[in-house]
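Text of the file coords_22.pdb, holding PDB, C-alpha atoms:
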```
ATOM      1  CA  MET A   1      -8.975 -89.308 101.294
ATOM      2  CA  LYS A   2      -7.913 -90.526  97.880
ATOM      3  CA  ILE A   3      -6.632 -87.789  95.615
ATOM      4  CA  ARG A   4      -5.632 -88.124  91.980
ATOM      5  CA  ILE A   5      -3.158 -85.769  90.374
ATOM      6  CA  VAL A   6      -1.262 -85.273  87.137
ATOM      7  CA  THR A   7       2.297 -86.490  87.536
ATOM      8  CA  GLY A   8       3.506 -85.660  84.045
ATOM      9  CA  VAL A   9       2.492 -84.615  80.562
ATOM     10  CA  ALA A  10       3.288 -86.400  77.315
ATOM     11  CA  LEU A  11       3.741 -83.801  74.624
ATOM     12  CA  GLY A  12       2.411 -84.490  71.159
ATOM     13  CA  ALA A  13       3.389 -83.569  67.643
ATOM     14  CA  ALA A  14       4.686 -80.224  66.475
ATOM     15  CA  LEU A  15       2.425 -77.271  67.150
ATOM     16  CA  VAL A  16      -0.226 -76.450  64.550
ATOM     17  CA  ILE A  17      -1.415 -72.845  64.821
ATOM     18  CA  PRO A  18      -4.021 -70.920  62.810
ATOM     19  CA  SER A  19      -2.870 -67.729  61.086
ATOM     20  CA  ALA A  20      -2.710 -64.693  63.364
ATOM     21  CA  ALA A  21      -5.416 -62.068  63.105
ATOM     22  CA  SER A  22      -4.322 -59.061  61.076
ATOM     23  CA  ALA A  23      -6.013 -56.449  63.264
ATOM     24  CA  ALA A  24      -3.810 -53.795  64.840
ATOM     25  CA  PRO A  25      -3.049 -54.120  68.573
ATOM     26  CA  THR A  26      -5.731 -52.774  70.901
ATOM     27  CA  PRO A  27      -5.713 -51.860  74.593
ATOM     28  CA  ASP A  28      -7.316 -55.262  75.215
ATOM     29  CA  HIS A  29      -4.209 -57.084  74.061
ATOM     30  CA  LEU A  30      -2.347 -58.831  76.845
ATOM     31  CA  SER A  31       0.986 -57.518  78.081
ATOM     32  CA  GLY A  32       2.263 -60.948  79.122
ATOM     33  CA  ALA A  33       1.715 -60.243  82.815
ATOM     34  CA  ALA A  34       0.939 -63.431  84.721
ATOM     35  CA  VAL A  35       1.226 -65.146  88.096
ATOM     36  CA  TYR A  36       3.297 -68.307  88.430
ATOM     37  CA  ALA A  37       3.976 -70.807  91.200
ATOM     38  CA  ALA A  38       7.478 -72.237  91.516
ATOM     39  CA  THR A  39       8.788 -75.174  93.523
ATOM     40  CA  GLY A  40       8.273 -74.589  97.225
ATOM     41  CA  ASN A  41       4.986 -72.742  96.599
ATOM     42  CA  GLN A  42       6.656 -69.444  95.759
ATOM     43  CA  LEU A  43       4.054 -67.287  94.000
ATOM     44  CA  SER A  44       5.397 -64.481  91.813
ATOM     45  CA  ARG A  45       3.992 -62.006  89.336
ATOM     46  CA  TYR A  46       5.749 -61.470  86.039
ATOM     47  CA  SER A  47       5.228 -57.921  84.776
ATOM     48  CA  GLY A  48       5.279 -58.780  81.086
ATOM     49  CA  SER A  49       8.254 -56.477  80.549
ATOM     50  CA  GLY A  50      10.944 -58.558  82.225
ATOM     51  CA  GLU A  51      10.394 -57.860  85.926
ATOM     52  CA  TRP A  52       9.450 -60.416  88.583
ATOM     53  CA  HIS A  53       7.727 -59.475  91.843
ATOM     54  CA  PRO A  54       7.323 -61.910  94.782
ATOM     55  CA  LEU A  55       3.670 -62.287  95.746
ATOM     56  CA  ALA A  56       3.780 -64.832  98.577
ATOM     57  CA  ARG A  57       5.789 -67.784  99.781
ATOM     58  CA  LEU A  58       3.496 -70.366 101.291
ATOM     59  CA  GLY A  59       3.954 -73.304 103.612
ATOM     60  CA  ALA A  60       0.600 -74.694 102.465
ATOM     61  CA  ALA A  61      -0.282 -75.999  99.004
ATOM     62  CA  GLN A  62      -3.934 -74.836  99.051
ATOM     63  CA  PHE A  63      -3.434 -71.543  97.208
ATOM     64  CA  ALA A  64      -4.858 -69.265  94.526
ATOM     65  CA  ALA A  65      -3.771 -66.006  92.886
ATOM     66  CA  SER A  66      -6.202 -63.178  92.160
ATOM     67  CA  PRO A  67      -7.009 -62.331  88.519
ATOM     68  CA  ASP A  68      -5.447 -58.883  88.891
ATOM     69  CA  GLY A  69      -2.192 -60.539  89.967
ATOM     70  CA  ALA A  70      -1.956 -58.471  93.152
ATOM     71  CA  LYS A  71      -3.200 -60.870  95.844
ATOM     72  CA  ALA A  72      -2.828 -64.452  97.032
ATOM     73  CA  ALA A  73      -5.221 -66.591  99.067
ATOM     74  CA  TRP A  74      -4.379 -69.845 100.793
ATOM     75  CA  ILE A  75      -5.561 -72.211 103.481
ATOM     76  CA  THR A  76      -2.929 -72.936 106.104
ATOM     77  CA  GLU A  77      -2.101 -76.325 107.594
ATOM     78  CA  SER A  78      -4.136 -75.315 110.645
ATOM     79  CA  GLY A  79      -7.183 -74.332 108.565
ATOM     80  CA  ASN A  80      -6.958 -70.542 108.317
ATOM     81  CA  LEU A  81      -7.915 -68.728 105.111
ATOM     82  CA  ASN A  82      -5.188 -66.131 104.630
ATOM     83  CA  ILE A  83      -4.986 -63.238 102.195
ATOM     84  CA  ARG A  84      -1.738 -61.517 101.254
ATOM     85  CA  GLU A  85      -1.776 -58.113  99.592
ATOM     86  CA  ARG A  86       0.909 -55.413  99.407
ATOM     87  CA  GLY A  87       3.216 -57.375 101.666
ATOM     88  CA  LYS A  88       0.637 -57.837 104.447
ATOM     89  CA  THR A  89      -1.000 -61.136 105.447
ATOM     90  CA  SER A  90      -4.461 -61.243 107.052
ATOM     91  CA  THR A  91      -6.494 -64.190 108.352
ATOM     92  CA  ILE A  92     -10.141 -63.737 107.398
ATOM     93  CA  VAL A  93     -11.632 -67.198 108.129
ATOM     94  CA  SER A  94     -10.606 -69.954 110.566
ATOM     95  CA  GLY A  95     -11.623 -73.546 111.226
ATOM     96  CA  LEU A  96     -11.283 -74.869 107.669
ATOM     97  CA  GLN A  97      -9.800 -78.172 106.535
ATOM     98  CA  GLY A  98      -6.053 -77.740 106.157
ATOM     99  CA  SER A  99      -3.433 -80.192 104.895
ATOM    100  CA  THR A 100      -5.571 -81.196 101.881
ATOM    101  CA  PRO A 101      -3.910 -79.620  98.815
ATOM    102  CA  CYS A 102      -6.799 -80.081  96.385
ATOM    103  CA  LEU A 103      -9.150 -77.991  98.562
ATOM    104  CA  THR A 104      -8.044 -74.699  97.061
ATOM    105  CA  PRO A 105      -9.827 -71.355  97.378
ATOM    106  CA  VAL A 106     -10.782 -69.415  94.236
ATOM    107  CA  TRP A 107     -11.036 -65.698  93.450
ATOM    108  CA  SER A 108     -13.910 -63.806  91.834
ATOM    109  CA  THR A 109     -13.024 -62.141  88.541
ATOM    110  CA  ASP A 110     -12.992 -58.685  90.180
ATOM    111  CA  SER A 111     -10.377 -59.924  92.703
ATOM    112  CA  GLU A 112     -12.578 -58.734  95.578
ATOM    113  CA  LYS A 113     -14.036 -62.000  96.890
ATOM    114  CA  VAL A 114     -12.779 -65.507  97.682
ATOM    115  CA  ALA A 115     -14.823 -68.708  97.633
ATOM    116  CA  TYR A 116     -13.649 -71.774  99.525
ATOM    117  CA  PRO A 117     -14.863 -75.296 100.389
ATOM    118  CA  SER A 118     -15.726 -76.462 103.883
ATOM    119  CA  ALA A 119     -15.309 -79.999 105.182
ATOM    120  CA  ASP A 120     -19.066 -80.679 104.834
ATOM    121  CA  GLY A 121     -19.103 -79.717 101.145
ATOM    122  CA  THR A 122     -20.526 -76.239 101.668
ATOM    123  CA  ILE A 123     -18.901 -73.645  99.437
ATOM    124  CA  ARG A 124     -18.810 -70.207 101.011
ATOM    125  CA  VAL A 125     -17.710 -66.779  99.860
ATOM    126  CA  VAL A 126     -16.175 -63.889 101.778
ATOM    127  CA  ARG A 127     -14.791 -60.497 100.846
ATOM    128  CA  ALA A 128     -11.005 -60.558 100.677
ATOM    129  CA  ASP A 129     -10.751 -57.568 103.002
ATOM    130  CA  GLY A 130     -12.706 -59.436 105.682
ATOM    131  CA  SER A 131     -15.421 -56.771 105.776
ATOM    132  CA  ASN A 132     -18.326 -59.213 105.771
ATOM    133  CA  ALA A 133     -19.201 -62.559 107.290
ATOM    134  CA  PRO A 134     -18.908 -65.625 105.019
ATOM    135  CA  ARG A 135     -22.107 -66.681 103.280
ATOM    136  CA  SER A 136     -23.036 -69.995 101.703
ATOM    137  CA  LEU A 137     -23.232 -70.401  97.931
ATOM    138  CA  GLY A 138     -24.483 -73.973  98.170
ATOM    139  CA  VAL A 139     -23.340 -77.532  98.787
ATOM    140  CA  SER A 140     -21.412 -79.552  96.212
ATOM    141  CA  LYS A 141     -19.501 -82.803  96.006
ATOM    142  CA  GLY A 142     -17.095 -81.017  93.675
ATOM    143  CA  VAL A 143     -14.815 -79.274  96.174
ATOM    144  CA  CYS A 144     -11.348 -79.826  94.674
ATOM    145  CA  HIS A 145      -9.515 -77.173  92.586
ATOM    146  CA  LEU A 146     -12.504 -74.843  92.442
ATOM    147  CA  ALA A 147     -13.002 -72.663  89.359
ATOM    148  CA  TRP A 148     -15.403 -69.685  89.228
ATOM    149  CA  SER A 149     -17.184 -68.451  86.107
ATOM    150  CA  GLY A 150     -16.718 -64.876  84.958
ATOM    151  CA  ASN A 151     -20.394 -64.046  85.496
ATOM    152  CA  GLY A 152     -20.023 -65.041  89.155
ATOM    153  CA  ARG A 153     -22.827 -67.587  89.072
ATOM    154  CA  PHE A 154     -21.150 -70.984  88.700
ATOM    155  CA  LEU A 155     -18.374 -72.831  90.516
ATOM    156  CA  ALA A 156     -16.953 -76.175  89.452
ATOM    157  CA  GLY A 157     -14.654 -78.676  91.109
ATOM    158  CA  TYR A 158     -13.941 -82.373  91.248
ATOM    159  CA  THR A 159     -14.652 -84.844  94.016
ATOM    160  CA  SER A 160     -12.076 -85.827  96.622
ATOM    161  CA  THR A 161     -11.716 -89.240  94.963
ATOM    162  CA  GLY A 162     -11.169 -87.664  91.552
ATOM    163  CA  GLY A 163     -14.039 -89.678  90.101
ATOM    164  CA  ALA A 164     -16.490 -86.941  89.100
ATOM    165  CA  LEU A 165     -16.814 -83.273  88.149
ATOM    166  CA  TYR A 166     -19.628 -81.094  89.511
ATOM    167  CA  ARG A 167     -20.846 -77.565  88.802
ATOM    168  CA  LEU A 168     -22.674 -75.549  91.445
ATOM    169  CA  ASP A 169     -25.203 -72.860  90.524
ATOM    170  CA  SER A 170     -24.815 -70.274  93.285
ATOM    171  CA  LYS A 171     -28.110 -68.611  92.288
ATOM    172  CA  THR A 172     -30.241 -71.722  92.786
ATOM    173  CA  GLY A 173     -27.952 -73.754  95.049
ATOM    174  CA  LYS A 174     -28.286 -76.746  92.716
ATOM    175  CA  THR A 175     -25.454 -78.864  91.319
ATOM    176  CA  VAL A 176     -25.083 -80.850  88.120
ATOM    177  CA  ILE A 177     -22.626 -83.637  87.420
ATOM    178  CA  VAL A 178     -20.683 -83.492  84.163
ATOM    179  CA  LYS A 179     -21.549 -86.630  82.229
ATOM    180  CA  GLY A 180     -18.913 -89.127  81.189
ATOM    181  CA  VAL A 181     -16.210 -87.951  83.601
ATOM    182  CA  THR A 182     -14.848 -90.877  85.598
ATOM    183  CA  SER A 183     -11.374 -89.553  86.376
ATOM    184  CA  VAL A 184     -10.333 -85.905  86.645
ATOM    185  CA  THR A 185      -7.196 -84.471  88.207
ATOM    186  CA  HIS A 186      -7.500 -80.716  87.795
ATOM    187  CA  VAL A 187      -9.999 -77.940  87.080
ATOM    188  CA  GLN A 188      -8.270 -74.841  85.756
ATOM    189  CA  SER A 189     -11.030 -72.566  84.533
ATOM    190  CA  LEU A 190     -14.685 -72.035  83.616
ATOM    191  CA  SER A 191     -15.935 -70.099  80.611
ATOM    192  CA  PRO A 192     -17.543 -66.755  81.537
ATOM    193  CA  ASP A 193     -21.073 -68.201  81.360
ATOM    194  CA  GLY A 194     -20.096 -71.425  83.132
ATOM    195  CA  SER A 195     -21.064 -73.636  80.196
ATOM    196  CA  LYS A 196     -17.560 -75.058  79.653
ATOM    197  CA  ALA A 197     -14.734 -76.207  81.896
ATOM    198  CA  ILE A 198     -11.028 -76.587  81.218
ATOM    199  CA  VAL A 199      -9.812 -79.703  83.010
ATOM    200  CA  ALA A 200      -7.138 -82.391  83.055
ATOM    201  CA  LEU A 201      -8.297 -85.942  82.344
ATOM    202  CA  PRO A 202      -5.445 -88.397  82.983
ATOM    203  CA  GLU A 203      -4.698 -91.266  80.649
ATOM    204  CA  ASN A 204      -3.908 -93.413  83.678
ATOM    205  CA  SER A 205      -7.048 -93.348  85.813
ATOM    206  CA  ASP A 206      -5.237 -95.177  88.630
ATOM    207  CA  ALA A 207      -2.697 -92.378  89.163
ATOM    208  CA  THR A 208      -2.838 -91.048  92.709
ATOM    209  CA  GLY A 209      -1.002 -88.364  94.612
ATOM    210  CA  ALA A 210      -1.294 -85.307  96.818
ATOM    211  CA  GLY A 211      -3.688 -83.244  94.702
ATOM    212  CA  THR A 212      -1.301 -80.327  94.312
ATOM    213  CA  TRP A 213      -1.578 -77.762  91.517
ATOM    214  CA  PRO A 214       0.073 -79.203  88.369
ATOM    215  CA  ALA A 215       2.979 -77.343  86.787
ATOM    216  CA  THR A 216       1.644 -78.431  83.388
ATOM    217  CA  PHE A 217      -1.362 -80.401  82.168
ATOM    218  CA  ARG A 218      -2.926 -81.455  78.880
ATOM    219  CA  PRO A 219      -6.037 -79.217  78.695
ATOM    220  CA  VAL A 220      -9.430 -80.632  77.774
ATOM    221  CA  VAL A 221     -12.504 -78.419  77.287
ATOM    222  CA  LEU A 222     -15.756 -80.055  78.399
ATOM    223  CA  ALA A 223     -19.312 -78.856  77.773
ATOM    224  CA  ILE A 224     -21.452 -78.849  80.925
ATOM    225  CA  PRO A 225     -23.403 -80.994  81.669
ATOM    226  CA  THR A 226     -23.123 -83.168  78.527
ATOM    227  CA  GLY A 227     -19.405 -83.836  78.941
ATOM    228  CA  LYS A 228     -18.865 -83.397  75.203
ATOM    229  CA  ARG A 229     -15.294 -82.436  74.396
ATOM    230  CA  GLN A 230     -14.809 -79.124  72.624
ATOM    231  CA  GLN A 231     -11.960 -78.929  70.131
ATOM    232  CA  LEU A 232      -9.201 -76.485  71.008
ATOM    233  CA  PRO A 233      -8.085 -74.149  68.177
ATOM    234  CA  VAL A 234      -4.501 -75.414  68.397
ATOM    235  CA  LYS A 235      -2.912 -78.855  68.451
ATOM    236  CA  GLY A 236       0.434 -80.194  69.595
ATOM    237  CA  ASN A 237       2.456 -79.457  72.707
ATOM    238  CA  LEU A 238      -0.341 -78.111  74.896
ATOM    239  CA  ILE A 239       0.557 -77.743  78.583
ATOM    240  CA  GLY A 240      -2.296 -75.600  79.888
ATOM    241  CA  ALA A 241      -5.226 -73.330  79.056
ATOM    242  CA  THR A 242      -7.495 -70.830  80.763
ATOM    243  CA  TYR A 243     -10.423 -68.538  80.003
ATOM    244  CA  LEU A 244     -10.201 -64.790  80.510
ATOM    245  CA  PRO A 245     -13.253 -63.037  82.020
ATOM    246  CA  ASP A 246     -14.248 -61.657  78.599
ATOM    247  CA  GLY A 247     -14.258 -65.100  76.981
ATOM    248  CA  ARG A 248     -10.880 -65.086  75.278
ATOM    249  CA  LEU A 249      -9.074 -68.411  75.511
ATOM    250  CA  VAL A 250      -5.381 -68.519  76.405
ATOM    251  CA  VAL A 251      -3.582 -71.749  75.507
ATOM    252  CA  ARG A 252      -0.132 -72.483  76.938
ATOM    253  CA  THR A 253       2.201 -74.379  74.635
ATOM    254  CA  ALA A 254       5.677 -75.850  75.044
ATOM    255  CA  THR A 255       8.418 -75.007  72.589
ATOM    256  CA  PRO A 256       9.093 -78.108  70.449
ATOM    257  CA  PRO A 257      12.420 -79.684  71.492
ATOM    258  CA  HIS A 258      13.944 -79.437  67.999
ATOM    259  CA  THR A 259      13.573 -75.613  68.035
ATOM    260  CA  GLN A 260      14.848 -74.916  71.540
ATOM    261  CA  SER A 261      18.514 -75.001  70.554
ATOM    262  CA  GLY A 262      17.866 -72.210  68.069
ATOM    263  CA  ASN A 263      16.650 -69.743  70.693
ATOM    264  CA  ALA A 264      18.884 -66.756  71.363
ATOM    265  CA  GLY A 265      21.237 -67.592  74.178
ATOM    266  CA  GLY A 266      19.816 -71.113  74.314
ATOM    267  CA  HIS A 267      16.868 -70.006  76.507
ATOM    268  CA  ALA A 268      13.849 -72.223  75.921
ATOM    269  CA  HIS A 269      10.452 -70.792  76.787
ATOM    270  CA  ASN A 270       6.764 -71.602  76.602
ATOM    271  CA  THR A 271       4.308 -69.588  74.510
ATOM    272  CA  LEU A 272       0.826 -68.225  75.263
ATOM    273  CA  LEU A 273      -1.621 -68.173  72.347
ATOM    274  CA  VAL A 274      -4.752 -66.024  72.666
ATOM    275  CA  PHE A 275      -7.947 -66.845  70.742
ATOM    276  CA  ASP A 276     -11.366 -65.257  70.380
ATOM    277  CA  ASN A 277     -14.667 -67.130  70.689
ATOM    278  CA  ALA A 278     -14.519 -68.129  67.021
ATOM    279  CA  GLY A 279     -11.087 -69.713  67.397
ATOM    280  CA  ASN A 280      -9.192 -66.942  65.620
ATOM    281  CA  GLU A 281      -5.727 -66.265  66.939
ATOM    282  CA  LEU A 282      -5.491 -62.745  68.340
ATOM    283  CA  GLN A 283      -2.056 -62.717  69.893
ATOM    284  CA  ARG A 284       0.916 -64.811  70.940
ATOM    285  CA  LEU A 285       3.265 -64.080  73.802
ATOM    286  CA  ALA A 286       6.562 -65.646  74.782
ATOM    287  CA  GLU A 287       6.703 -66.562  78.447
ATOM    288  CA  PRO A 288       9.949 -65.718  80.236
ATOM    289  CA  PRO A 289      12.407 -68.655  80.321
ATOM    290  CA  LYS A 290      12.244 -68.609  84.122
ATOM    291  CA  ALA A 291       8.584 -69.644  83.955
ATOM    292  CA  LYS A 292       9.222 -72.714  81.810
ATOM    293  CA  ASN A 293       8.767 -75.261  84.609
ATOM    294  CA  GLN A 294       6.420 -73.229  86.790
ATOM    295  CA  ALA A 295       2.649 -73.532  87.181
ATOM    296  CA  LEU A 296       0.627 -70.796  85.459
ATOM    297  CA  LEU A 297      -1.977 -69.572  87.976
ATOM    298  CA  GLN A 298      -3.335 -66.438  86.304
ATOM    299  CA  VAL A 299      -3.011 -64.565  83.040
ATOM    300  CA  VAL A 300      -3.487 -60.906  83.956
ATOM    301  CA  SER A 301      -5.732 -59.058  81.511
TER     302      SER A 301
END
```

In structure tokens, what does this structure look like?
Amino acid sequence: MKIRIVTGVALGAALVIPSAASAAPTPDHLSGAAVYAATGNQLSRYSGSGEWHPLARLGAAQFAASPDGAKAAWITESGNLNIRERGKTSTIVSGLQGSTPCLTPVWSTDSEKVAYPSADGTIRVVRADGSNAPRSLGVSKGVCHLAWSGNGRFLAGYTSTGGALYRLDSKTGKTVIVKGVTSVTHVQSLSPDGSKAIVALPENSDATGAGTWPATFRPVVLAIPTGKRQQLPVKGNLIGATYLPDGRLVVRTATPPHTQSGNAGGHAHNTLLVFDNAGNELQRLAEPPKAKNQALLQVVS
């Protein structure tokens, strides 16, 4: 199997940010809580107030964190789908394809269900507590780095060769290919209605690797199925982006090198910028310095 991955990110010019919204904070504002993956597949939740909590340490690279930040799912080398919650690990499905890092499971937005790809391209879903038998959502060629829309209807992933991006409609069982995509290395997120995908499109289409989750990537928003690129509301040092279930867009940015030395104590950090559907900035949050070189799996809302 040929897998393409992002091996690095070239950061652009200084960050250009729209003016922040003047509205007073609301309960919907993010606290900064998030789930990160460090070297060695150590998944941890950051509380948003300075505390870190270990979530799971995995031998396998086929992992996903739940949107509520409380659970982890992964496929072991031997092909078991495991769930870890409150310090306990349970195997809920066996006989899957292990040792293929891009074949990651994905959580529903309510953190109650997990979808996962099978070797034959069938995408199935099961309750995370193992209380029901897996059921099929359909068959798709897009099985790598699955993303699930907030409305629960659509799942998207790229092919094992990294040469195409597909979206599955779990209501009809039909798939569509995203036009114009000839090389894709990561699918991070779908918009709530499944009409847009946040992906990584490498400059070097010949780059190959293990298909592991990238620590950083240059986010591109694609309309489905036209493949038309949607402009992000911020430019510059972008190293990630994701949709929240309510449609807000969170863009991860790197601190420009010329400003890092001015940080208190010399601690450089990344920043999360939150935008509404109209592209207005709602909030910005400083990530903890410890997360600077870690992969951002979930922004907890």

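Of the residues listed (A:Leu81, A:Val35, A:Leu273, A:Ile123), A:Val35 shows the shortest atom-to-atom separation from Pro54 in chain A; distances use all atoms listed in the file.
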
Need to verify the contact set: range 58-68 of chain A, 10 Å, only C-alpha atoms, exclusion of same-chain residues closer than 4 positions in sequence. Can you return it as a PDB file with C-alpha atoms, in the coordinates of the input?
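And here's selection_21.pdb as it stands now:
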```pdb
ATOM      1  CA  ALA A  33       1.715 -60.243  82.815  1.00  0.00           C
ATOM      2  CA  ALA A  34       0.939 -63.431  84.721  1.00  0.00           C
ATOM      3  CA  VAL A  35       1.226 -65.146  88.096  1.00  0.00           C
ATOM      4  CA  TYR A  36       3.297 -68.307  88.430  1.00  0.00           C
ATOM      5  CA  ALA A  37       3.976 -70.807  91.200  1.00  0.00           C
ATOM      6  CA  GLY A  40       8.273 -74.589  97.225  1.00  0.00           C
ATOM      7  CA  ASN A  41       4.986 -72.742  96.599  1.00  0.00           C
ATOM      8  CA  GLN A  42       6.656 -69.444  95.759  1.00  0.00           C
ATOM      9  CA  LEU A  43       4.054 -67.287  94.000  1.00  0.00           C
ATOM     10  CA  SER A  44       5.397 -64.481  91.813  1.00  0.00           C
ATOM     11  CA  ARG A  45       3.992 -62.006  89.336  1.00  0.00           C
ATOM     12  CA  ALA A  72      -2.828 -64.452  97.032  1.00  0.00           C
ATOM     13  CA  ALA A  73      -5.221 -66.591  99.067  1.00  0.00           C
ATOM     14  CA  TRP A  74      -4.379 -69.845 100.793  1.00  0.00           C
ATOM     15  CA  ILE A  75      -5.561 -72.211 103.481  1.00  0.00           C
ATOM     16  CA  THR A  76      -2.929 -72.936 106.104  1.00  0.00           C
ATOM     17  CA  GLU A  77      -2.101 -76.325 107.594  1.00  0.00           C
ATOM     18  CA  SER A  78      -4.136 -75.315 110.645  1.00  0.00           C
ATOM     19  CA  GLY A  79      -7.183 -74.332 108.565  1.00  0.00           C
ATOM     20  CA  LEU A  81      -7.915 -68.728 105.111  1.00  0.00           C
ATOM     21  CA  ASN A  82      -5.188 -66.131 104.630  1.00  0.00           C
ATOM     22  CA  ILE A  83      -4.986 -63.238 102.195  1.00  0.00           C
ATOM     23  CA  ARG A  84      -1.738 -61.517 101.254  1.00  0.00           C
ATOM     24  CA  GLY A  98      -6.053 -77.740 106.157  1.00  0.00           C
ATOM     25  CA  SER A  99      -3.433 -80.192 104.895  1.00  0.00           C
ATOM     26  CA  THR A 100      -5.571 -81.196 101.881  1.00  0.00           C
ATOM     27  CA  PRO A 101      -3.910 -79.620  98.815  1.00  0.00           C
ATOM     28  CA  CYS A 102      -6.799 -80.081  96.385  1.00  0.00           C
ATOM     29  CA  LEU A 103      -9.150 -77.991  98.562  1.00  0.00           C
ATOM     30  CA  THR A 104      -8.044 -74.699  97.061  1.00  0.00           C
ATOM     31  CA  PRO A 105      -9.827 -71.355  97.378  1.00  0.00           C
ATOM     32  CA  VAL A 106     -10.782 -69.415  94.236  1.00  0.00           C
ATOM     33  CA  TRP A 107     -11.036 -65.698  93.450  1.00  0.00           C
ATOM     34  CA  SER A 108     -13.910 -63.806  91.834  1.00  0.00           C
ATOM     35  CA  THR A 109     -13.024 -62.141  88.541  1.00  0.00           C
ATOM     36  CA  ASP A 110     -12.992 -58.685  90.180  1.00  0.00           C
ATOM     37  CA  SER A 111     -10.377 -59.924  92.703  1.00  0.00           C
ATOM     38  CA  GLU A 112     -12.578 -58.734  95.578  1.00  0.00           C
ATOM     39  CA  LYS A 113     -14.036 -62.000  96.890  1.00  0.00           C
ATOM     40  CA  VAL A 114     -12.779 -65.507  97.682  1.00  0.00           C
ATOM     41  CA  CYS A 144     -11.348 -79.826  94.674  1.00  0.00           C
ATOM     42  CA  HIS A 145      -9.515 -77.173  92.586  1.00  0.00           C
ATOM     43  CA  LEU A 146     -12.504 -74.843  92.442  1.00  0.00           C
ATOM     44  CA  ALA A 210      -1.294 -85.307  96.818  1.00  0.00           C
ATOM     45  CA  GLY A 211      -3.688 -83.244  94.702  1.00  0.00           C
ATOM     46  CA  THR A 212      -1.301 -80.327  94.312  1.00  0.00           C
ATOM     47  CA  TRP A 213      -1.578 -77.762  91.517  1.00  0.00           C
ATOM     48  CA  LEU A 244     -10.201 -64.790  80.510  1.00  0.00           C
ATOM     49  CA  PRO A 245     -13.253 -63.037  82.020  1.00  0.00           C
ATOM     50  CA  LEU A 296       0.627 -70.796  85.459  1.00  0.00           C
ATOM     51  CA  LEU A 297      -1.977 -69.572  87.976  1.00  0.00           C
ATOM     52  CA  GLN A 298      -3.335 -66.438  86.304  1.00  0.00           C
ATOM     53  CA  VAL A 299      -3.011 -64.565  83.040  1.00  0.00           C
ATOM     54  CA  VAL A 300      -3.487 -60.906  83.956  1.00  0.00           C
ATOM     55  CA  SER A 301      -5.732 -59.058  81.511  1.00  0.00           C
TER      56      SER A 301
END
```

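With CA of Arg284 in chain A on one side and CA of Ala70 in chain A on the other, the separation reads 23.3 Å.
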
Determine, counting all atoms listed in the file, which protein, DNA and RNA residues have an atom within 9 Å of an atom of range 214-222 of chain A; residues of the same chain fewer than 5 positions away are not included. Present the result as a VMD selection string. chain A and resid 5 to 11 37 to 38 178 185 to 186 188 195 to 202 227 to 232 237 to 242 251 to 252 293 to 296

Using the chain letters and numbers from this file, what does the PyMOL selection byres ((chain A and resi 248) around 8) select? Give the answer as a list in words. Tyr243, Leu244, Pro245, Asp246, Gly247, Leu249, Val250, Val274, Phe275, Asp276 and Asn277 of chain A

Selection result for the PyMOL selection byres ((chain A and resi 150-155) around 7) on this file, as JSON, numbers by chain: {"A": [108, 109, 146, 147, 148, 149, 156, 157, 167, 168, 169, 170, 171, 191, 192, 193, 194, 245]}

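The spacing separating CA of Val93 in chain A from CA of Gly162 in chain A amounts to 26.3 Å.
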
Who sits within 8 Å of Gly121 in chain A, all atoms listed in the file, same chain under 5 positions skipped, as JSON, numbers by chain: {"A": [139, 140, 141, 142, 143]}

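Our summary of the geometry notes that CA of Val126 in chain A is positioned 16.8 Å from CA of Gly173 in chain A.
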
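Taking all atoms listed in the file into account, Pro225 in chain A lies nearest to A:Lys179 out of the set A:Lys174, A:Arg86, A:Lys179, A:Arg135.
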